[in-house]
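Raw work14.txt, compact mmCIF, C-alpha atoms:
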```
# COMPACT_ATOMS: atom_id res chain seq x y z
CA MET A 795 0.00 0.00 0.00
CA THR A 796 1.21 3.51 -0.83
CA PRO A 797 1.43 5.68 2.29
CA GLN A 798 -0.45 8.95 2.41
CA VAL A 799 1.76 11.85 3.52
CA LEU A 800 0.77 15.26 4.89
CA PRO A 801 3.59 17.79 5.53
CA PHE A 802 3.48 20.50 8.19
CA PHE A 803 5.98 23.36 8.01
CA ASP A 804 7.37 25.36 10.93
CA SER A 805 8.81 28.55 9.48
CA ALA A 806 10.66 29.49 12.69
CA SER A 807 12.96 26.45 12.44
CA CYS A 808 12.43 25.63 8.74
CA THR A 809 11.28 22.17 9.86
CA PHE A 810 8.91 19.79 8.14
CA SER A 811 6.89 17.39 10.29
CA TYR A 812 4.85 14.63 8.68
CA LEU A 813 1.65 12.74 9.25
CA VAL A 814 1.89 9.35 7.50
CA TYR A 815 -1.15 7.09 7.29
CA ASP A 816 -2.56 4.13 5.42
CA THR A 817 -6.10 5.35 4.73
CA ALA A 818 -8.71 7.72 6.16
CA GLY A 819 -10.10 6.10 9.27
CA GLY A 820 -6.96 3.98 9.54
CA HIS A 821 -3.64 4.14 11.32
CA ALA A 822 -0.91 6.78 11.35
CA ALA A 823 2.55 7.84 12.49
CA VAL A 824 3.72 11.37 13.25
CA ILE A 825 7.32 12.13 12.33
CA ASP A 826 9.40 14.92 13.92
CA PRO A 827 6.65 17.09 15.50
CA VAL A 828 7.64 20.64 16.49
CA LEU A 829 6.85 22.42 19.76
CA ASP A 830 6.78 26.22 19.44
CA PHE A 831 9.35 27.79 21.78
CA ASP A 832 10.26 31.43 22.30
CA LEU A 833 13.85 31.66 23.48
CA HIS A 834 13.50 35.22 24.77
CA SER A 835 10.58 34.51 27.11
CA GLY A 836 11.17 30.80 27.75
CA ARG A 837 7.56 30.09 26.80
CA ALA A 838 6.33 27.09 24.84
CA ALA A 839 3.18 26.76 22.74
CA THR A 840 1.53 24.08 20.64
CA HIS A 841 0.40 25.97 17.52
CA GLN A 842 2.29 23.67 15.14
CA ALA A 843 1.29 20.48 16.94
CA GLN A 844 -2.34 21.55 16.97
CA LYS A 845 -2.31 21.51 13.16
CA ILE A 846 -1.26 17.87 13.24
CA LEU A 847 -3.89 17.11 15.88
CA ALA A 848 -6.60 18.71 13.71
CA ALA A 849 -5.55 16.66 10.68
CA VAL A 850 -5.59 13.42 12.68
CA GLN A 851 -9.06 14.19 13.98
CA SER A 852 -10.45 15.22 10.58
CA LEU A 853 -9.20 11.98 9.02
CA ASN A 854 -10.36 9.90 11.99
CA LEU A 855 -6.92 8.33 12.36
CA THR A 856 -5.47 6.21 15.14
CA VAL A 857 -1.90 7.32 15.88
CA ASP A 858 0.27 4.28 16.59
CA TRP A 859 3.65 6.01 16.60
CA ILE A 860 5.25 9.40 17.22
CA VAL A 861 8.78 8.99 15.91
CA GLU A 862 11.88 11.17 15.90
CA THR A 863 14.53 10.80 13.20
CA HIS A 864 17.10 12.01 15.76
CA ALA A 865 17.49 14.33 18.77
CA HIS A 866 17.04 17.66 17.02
CA ALA A 867 19.20 20.68 17.82
CA ASP A 868 17.04 23.36 16.17
CA HIS A 869 13.59 22.79 17.65
CA LEU A 870 11.94 21.20 20.66
CA SER A 871 9.85 18.09 20.17
CA ALA A 872 6.07 18.17 20.61
CA ALA A 873 5.97 14.37 21.01
CA VAL A 874 4.82 14.39 24.63
CA TRP A 875 1.98 16.86 24.03
CA LEU A 876 0.77 14.95 20.99
CA GLN A 877 0.92 11.67 22.88
CA GLN A 878 -1.24 13.19 25.60
CA GLN A 879 -3.82 14.12 22.96
CA LEU A 880 -3.59 11.12 20.63
CA GLY A 881 -1.77 8.24 22.27
CA GLY A 882 0.86 6.25 20.38
CA GLN A 883 4.40 5.26 21.28
CA ILE A 884 7.23 7.82 21.25
CA ALA A 885 10.18 6.19 19.48
CA ILE A 886 13.69 6.93 18.24
CA GLY A 887 16.74 4.92 17.16
CA GLN A 888 18.89 3.02 19.65
CA GLY A 889 21.73 5.47 19.01
CA ILE A 890 20.00 7.92 21.35
CA GLU A 891 21.85 6.17 24.17
CA GLN A 892 25.16 7.43 22.77
CA VAL A 893 23.76 10.94 22.34
CA GLN A 894 22.56 10.93 25.95
CA GLN A 895 26.00 9.84 27.09
CA ILE A 896 27.62 12.68 25.13
CA PHE A 897 25.36 15.42 26.50
CA LYS A 898 24.96 14.19 30.08
CA PRO A 899 28.20 15.85 31.28
CA ILE A 900 27.64 18.95 29.13
CA PHE A 901 24.40 19.68 31.01
CA ALA A 902 25.66 18.32 34.36
CA LEU A 903 23.00 15.60 34.35
CA GLU A 904 25.20 12.75 35.58
CA SER A 905 23.02 12.05 38.62
CA GLU A 906 19.60 12.47 37.00
CA LEU A 907 19.68 11.39 33.35
CA ALA A 908 19.53 7.68 32.59
CA SER A 909 21.48 7.15 29.37
CA ASP A 910 19.79 3.96 28.23
CA GLY A 911 16.96 5.56 26.26
CA ARG A 912 14.28 4.67 28.80
CA GLN A 913 12.67 8.11 28.41
CA PHE A 914 11.30 6.85 25.08
CA ASP A 915 8.60 4.22 24.77
CA TYR A 916 10.51 2.33 22.09
CA LEU A 917 14.00 2.27 20.54
CA PHE A 918 14.37 1.08 16.95
CA ALA A 919 17.21 -1.24 16.01
CA ALA A 920 18.95 -0.89 12.66
CA ASP A 921 16.86 -2.42 9.85
CA GLU A 922 13.99 -3.23 12.20
CA GLU A 923 10.59 -3.53 10.54
CA TRP A 924 7.41 -2.29 12.19
CA GLY A 925 3.83 -1.60 11.23
CA ILE A 926 1.54 1.40 10.83
CA GLY A 927 -1.82 -0.24 10.23
CA SER A 928 -1.48 -1.91 6.83
CA LEU A 929 1.82 -0.14 6.10
CA ILE A 930 5.21 -1.79 6.61
CA ALA A 931 7.96 0.52 7.84
CA LYS A 932 11.69 -0.06 8.22
CA ALA A 933 14.18 1.84 10.37
CA LEU A 934 17.39 2.57 8.44
CA TYR A 935 20.38 3.53 10.57
CA VAL A 936 22.00 6.61 8.96
CA PRO A 937 24.42 8.18 11.47
CA GLY A 938 26.83 11.00 10.68
CA HIS A 939 24.84 14.12 11.49
CA THR A 940 24.46 12.60 14.96
CA PRO A 941 25.03 9.04 16.24
CA ALA A 942 21.27 8.49 16.57
CA ASP A 943 19.94 9.33 13.10
CA MET A 944 17.35 7.01 11.59
CA ALA A 945 15.62 7.26 8.23
CA PHE A 946 12.20 5.65 8.07
CA LEU A 947 11.29 3.76 4.91
CA ILE A 948 7.51 3.46 4.69
CA GLY A 949 6.26 1.89 1.47
CA ASP A 950 7.68 3.95 -1.41
CA ALA A 951 8.58 6.89 0.86
CA VAL A 952 11.68 7.49 2.96
CA PHE A 953 11.80 10.13 5.69
CA VAL A 954 15.46 11.06 5.92
CA GLY A 955 15.56 13.52 8.81
CA ASP A 956 18.67 15.71 8.54
CA THR A 957 20.77 13.21 6.57
CA ILE A 958 20.11 14.89 3.22
CA PHE A 959 18.04 17.91 2.26
CA MET A 960 16.60 18.98 -1.07
CA PRO A 961 19.22 18.44 -3.79
CA ASP A 962 19.95 22.17 -4.11
CA VAL A 963 20.60 22.40 -0.35
CA GLY A 964 22.76 19.29 0.04
CA THR A 965 23.56 17.36 3.20
CA ALA A 966 23.45 17.84 6.96
CA ARG A 967 26.22 19.37 9.03
CA CYS A 968 28.48 16.94 10.91
CA ASP A 969 30.16 19.19 13.49
CA PHE A 970 27.85 18.51 16.43
CA PRO A 971 29.24 16.30 19.24
CA GLY A 972 29.29 12.74 17.90
CA GLY A 973 28.93 13.79 14.26
CA ASP A 974 31.26 12.57 11.54
CA ALA A 975 31.37 13.46 7.83
CA ALA A 976 32.80 10.15 6.65
CA THR A 977 30.07 8.31 8.52
CA LEU A 978 27.44 10.52 6.90
CA TYR A 979 28.94 9.74 3.47
CA HIS A 980 28.37 6.02 3.96
CA SER A 981 24.87 6.61 5.34
CA VAL A 982 23.91 8.52 2.20
CA GLN A 983 25.30 5.70 0.04
CA LYS A 984 22.91 3.38 1.89
CA LEU A 985 20.00 5.65 0.95
CA TYR A 986 21.20 5.75 -2.65
CA GLN A 987 20.73 1.97 -2.83
CA LEU A 988 16.97 2.44 -2.56
CA PRO A 989 14.95 2.34 -5.81
CA ASP A 990 15.28 5.53 -7.87
CA ALA A 991 11.55 6.21 -7.67
CA THR A 992 11.55 6.22 -3.85
CA ARG A 993 10.01 9.45 -2.58
CA VAL A 994 12.39 11.36 -0.30
CA PHE A 995 10.88 13.57 2.42
CA VAL A 996 13.29 15.96 4.13
CA CYS A 997 13.17 17.45 7.62
CA HIS A 998 14.33 20.96 6.65
CA ASP A 999 14.45 23.35 3.74
CA TYR A 1000 16.38 26.63 3.77
CA LEU A 1001 15.48 28.37 0.48
CA PRO A 1002 18.79 28.41 -1.38
CA SER A 1003 19.60 31.17 -3.83
CA GLY A 1004 17.43 30.95 -6.94
CA ARG A 1005 14.41 29.39 -5.25
CA ASP A 1006 11.55 31.23 -3.50
CA GLN A 1007 9.28 28.34 -2.49
CA TYR A 1008 9.91 25.86 0.30
CA GLN A 1009 10.08 22.24 -0.85
CA TRP A 1010 9.96 18.96 1.05
CA GLN A 1011 9.92 16.12 -1.49
CA SER A 1012 12.40 14.78 -4.04
CA SER A 1013 13.37 11.28 -5.19
CA ILE A 1014 16.40 9.04 -4.82
CA ALA A 1015 17.11 9.51 -8.53
CA GLU A 1016 17.08 13.30 -8.14
CA GLN A 1017 19.32 13.13 -5.09
CA LYS A 1018 21.88 10.92 -6.81
CA ALA A 1019 22.01 13.17 -9.85
CA GLN A 1020 21.64 16.62 -8.33
CA ASN A 1021 22.62 16.75 -4.65
CA ILE A 1022 25.08 19.63 -4.55
CA HIS A 1023 27.20 18.11 -1.78
CA LEU A 1024 27.02 14.42 -2.53
CA PRO A 1025 26.03 13.34 -6.03
CA LEU A 1026 26.51 9.68 -6.81
CA GLY A 1027 30.17 9.10 -7.64
CA ARG A 1028 31.77 11.73 -5.42
CA SER A 1029 34.54 10.21 -3.32
CA CYS A 1030 34.41 10.02 0.45
CA ASP A 1031 37.58 12.12 0.79
CA ASP A 1032 36.19 14.87 -1.42
CA PHE A 1033 32.92 14.93 0.46
CA VAL A 1034 34.61 15.04 3.87
CA ALA A 1035 36.77 17.98 2.78
CA LEU A 1036 33.75 19.84 1.42
CA ARG A 1037 31.58 19.10 4.46
CA GLN A 1038 34.22 20.08 7.00
CA ALA A 1039 34.97 23.34 5.18
CA ARG A 1040 31.29 24.23 5.08
CA ASP A 1041 30.66 23.24 8.70
CA ALA A 1042 33.41 25.62 9.81
CA THR A 1043 31.31 28.53 8.50
CA LEU A 1044 28.01 27.57 10.16
CA ALA A 1045 26.63 29.25 13.26
CA VAL A 1046 25.41 27.25 16.25
CA PRO A 1047 21.61 26.80 16.08
CA SER A 1048 19.88 29.34 18.32
CA LEU A 1049 17.80 26.69 20.10
CA ILE A 1050 20.47 24.00 20.50
CA LEU A 1051 20.75 24.28 24.30
CA PRO A 1052 17.03 24.04 25.17
CA SER A 1053 16.34 21.63 22.31
CA ILE A 1054 18.93 19.02 23.19
CA GLN A 1055 17.98 18.99 26.88
CA VAL A 1056 14.35 18.30 26.03
CA ASN A 1057 14.81 16.08 22.99
CA ILE A 1058 17.22 13.57 24.55
CA CYS A 1059 14.40 13.01 27.07
CA ALA A 1060 11.76 12.21 24.41
CA GLY A 1061 10.29 15.72 24.65
CA HIS A 1062 9.81 15.61 28.42
CA TRP A 1063 10.57 18.83 30.28
CA PRO A 1064 12.85 18.79 33.34
CA PRO A 1065 11.18 17.75 36.61
CA ALA A 1066 9.50 20.56 38.52
CA ASP A 1067 10.87 21.71 41.87
CA ALA A 1068 8.82 21.87 45.09
CA GLN A 1069 7.19 25.10 43.90
CA GLY A 1070 6.24 23.61 40.53
CA ARG A 1071 8.92 25.51 38.62
CA GLN A 1072 10.88 24.02 35.72
CA PHE A 1073 14.29 25.17 34.52
CA LEU A 1074 16.55 24.54 31.54
CA LYS A 1075 20.30 24.87 31.90
CA ILE A 1076 22.67 27.12 29.97
CA PRO A 1077 26.15 25.53 30.11
CA LEU A 1078 28.89 28.10 29.61
CA ASN A 1079 31.73 27.56 27.13
CA MET A 1080 30.72 23.94 26.51
CA ILE A 1081 29.29 23.87 22.97
```
Structure re-expressed in structure tokens:
Amino acid sequence: MTPQVLPFFDSASCTFSYLVYDTAGGHAAVIDPVLDFDLHSGRAATHQAQKILAAVQSLNLTVDWIVETHAHADHLSAAVWLQQQLGGQIAIGQGIEQVQQIFKPIFALESELASDGRQFDYLFAADEEWGIGSLIAKALYVPGHTPADMAFLIGDAVFVGDTIFMPDVGTARCDFPGGDAATLYHSVQKLYQLPDATRVFVCHDYLPSGRDQYQWQSSIAEQKAQNIHLPLGRSCDDFVALRQARDATLAVPSLILPSIQVNICAGHWPPADAQGRQFLKIPLNMI
């Protein structure tokens, strides 16, 4: 069965979330939902997630899964809020354990953060198959941007997270803790082994020069032929040199500190103190 795909765009973080389902009245998965967060005030809102909720309700869908392609550094996850409204299991790849281990000392969470992924309802193993109603999905391990990246192959569609973007944008940065450009190169080669007609759904679009409309879908054939950073045939050494040079020019994402703290915990906020207050940490000179 061909999966039905609805994209939802968050302009603040240039993020695409997806609602994937088998049929109206059937079963669904939500991929990479965004929680609105204002860094200046420290206030969160659910405007983006409410759009997904409305679509689920209008299509009379049962949400089985709320899945993250990785622990995002540019937006906070709305997985917990959506689960409260819709149910479903919050899931991510098993590599989240390594990401938790990396960031535990950065945020001084040694005594309070379990680094075995237990904050999530389910951890996908590499190449694990799972179901969304009548749809068969497969978790493809594609590290490089982070150690936890998964792409989700659902029918003829693959949701690649930050591994690759639209062909005229290229590939993800690899300079975050645990990232590695050579590893990303081999992950993209794995994606390029999929059938050429496979639909590719990206997590971000950044409007490169010469384009004035945001886009979210390409194909494996288009990626292999046109990806500006990694067309089929480029050597690993050439890609690593290009990626490292570009990464050296990129600014740190403005929401990386609040995002990582929340996202490595499946979207859960820090525990409240005795007065009901919650706080995020700002580590100094650590990132």
Show which residues sit within 9 Å of A:Leu907, as a short mmCIF file (atom, residue, chain, number, x, y, z; two decimals) with C-alpha atoms, keeping the file's coordinate frame. Count all atoms listed in the file, and ignore same-chain residues fewer than 3 positions away.
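Result file part_7.cif:
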```cif
data_model
loop_
_atom_site.label_atom_id
_atom_site.label_comp_id
_atom_site.auth_asym_id
_atom_site.auth_seq_id
_atom_site.Cartn_x
_atom_site.Cartn_y
_atom_site.Cartn_z
CA GLN A 894 22.56 10.93 25.95
CA LYS A 898 24.96 14.19 30.08
CA LEU A 903 23.00 15.60 34.35
CA GLU A 904 25.20 12.75 35.58
CA CYS A 1059 14.40 13.01 27.07
#
```
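Environment of (-1.3, 11.9, 24.3): residues at most 12 Å away, judged by all atoms listed in the file, are A:Ala843, A:Leu847, A:Thr856, A:Val857, A:Asp858, A:Trp859, A:Ile860, A:Ala872, A:Ala873, A:Val874, A:Trp875, A:Leu876, A:Gln877, A:Gln878, A:Gln879, A:Leu880, A:Gly881, A:Gly882, A:Gln883, A:Ile884.
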**Study point:** stretch 807-814 of chain A surroundings by only C-alpha atoms, 9 Å radius, close-in-sequence under 5 positions cut, as a ChimeraX atom specification
**Key:** /A:797-802,821-828,846,849-850,868-869,926,948,953,995-1000,1008,1010
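We find atom CA of A:Ala976 and atom CA of A:Asp1031 to be spaced 7.8 Å apart.
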What lies within 7 Å of stretch 988-993 of chain A using only C-alpha atoms, ignoring chain neighbours under 6 positions off, as a short mmCIF file (atom, residue, chain, number, x, y, z; two decimals) with C-alpha atoms, keeping the file's coordinate frame?
```
data_model
loop_
_atom_site.label_atom_id
_atom_site.label_comp_id
_atom_site.auth_asym_id
_atom_site.auth_seq_id
_atom_site.Cartn_x
_atom_site.Cartn_y
_atom_site.Cartn_z
CA ASP A 950 7.68 3.95 -1.41
CA ALA A 951 8.58 6.89 0.86
CA VAL A 952 11.68 7.49 2.96
CA GLN A 1011 9.92 16.12 -1.49
CA SER A 1012 12.40 14.78 -4.04
CA SER A 1013 13.37 11.28 -5.19
CA ILE A 1014 16.40 9.04 -4.82
CA ALA A 1015 17.11 9.51 -8.53
#
```
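Closest approach to A:Glu891 from the set A:Asp943, A:Asp816, A:Glu922, A:Asp1032 is made by A:Asp943, with distances taken over only C-alpha atoms.
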Check your understanding: Which polymer residues have any atom within 7 Å of an atom of A:Met944, counting all atoms listed in the file, with same-chain residues fewer than 5 positions away left out, as number ranges by chain?
Key -> A: 863-864, 887, 933-936
Point to revise | Within 9 Å of A:Val1046 using all atoms listed in the file, minus same-chain residues under 3 positions, as a VMD selection string | key: chain A and resid 1049 to 1050 1081
Check your understanding: Quick one, how far is atom CA of A:Met1080 from atom CA of A:Pro1052?
Key -> 13.8 Å
Practice item. Work out how far apart atom CA of A:Ala865 and atom CA of A:Gly1061 are and give it in Å to one decimal. Key: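 One can read the atom CA of A:Ala865 to atom CA of A:Gly1061 distance as 9.4 Å.
Nearest residue to A:Ser1053 among A:Phe918, A:Tyr986, A:Tyr815, A:Phe831 is A:Phe831, counting all atoms listed in the file.
Considering the residues A:Phe959, A:Phe1033, A:Phe946, A:Phe914 and counting all atoms listed in the file, A:Tyr979 has its shortest atom-to-atom contact with A:Phe1033.
Proximity to A:Leu1024 was assessed for A:Ile958, A:Ile1054, A:Leu1074, A:Ala1042 counting all atoms listed in the file; the smallest distance is recorded for A:Ile958.
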**Study point:** Nearest to A:Phe897 by atom-to-atom distance, counting all atoms listed in the file, from A:Ala848, A:Ala920, A:Leu1001, A:Ala867
**Key:**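 Once distances to A:Phe897 are computed over all atoms listed in the file, the minimum belongs to A:Ala867.
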Check your understanding: From the list A:Val861, A:Val994, A:Ala1066, A:Ser871, which residue is nearest A:Ala838 when using all atoms listed in the file?
Key ->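 The shortest atom-to-atom distance to A:Ala838 comes from A:Ser871.
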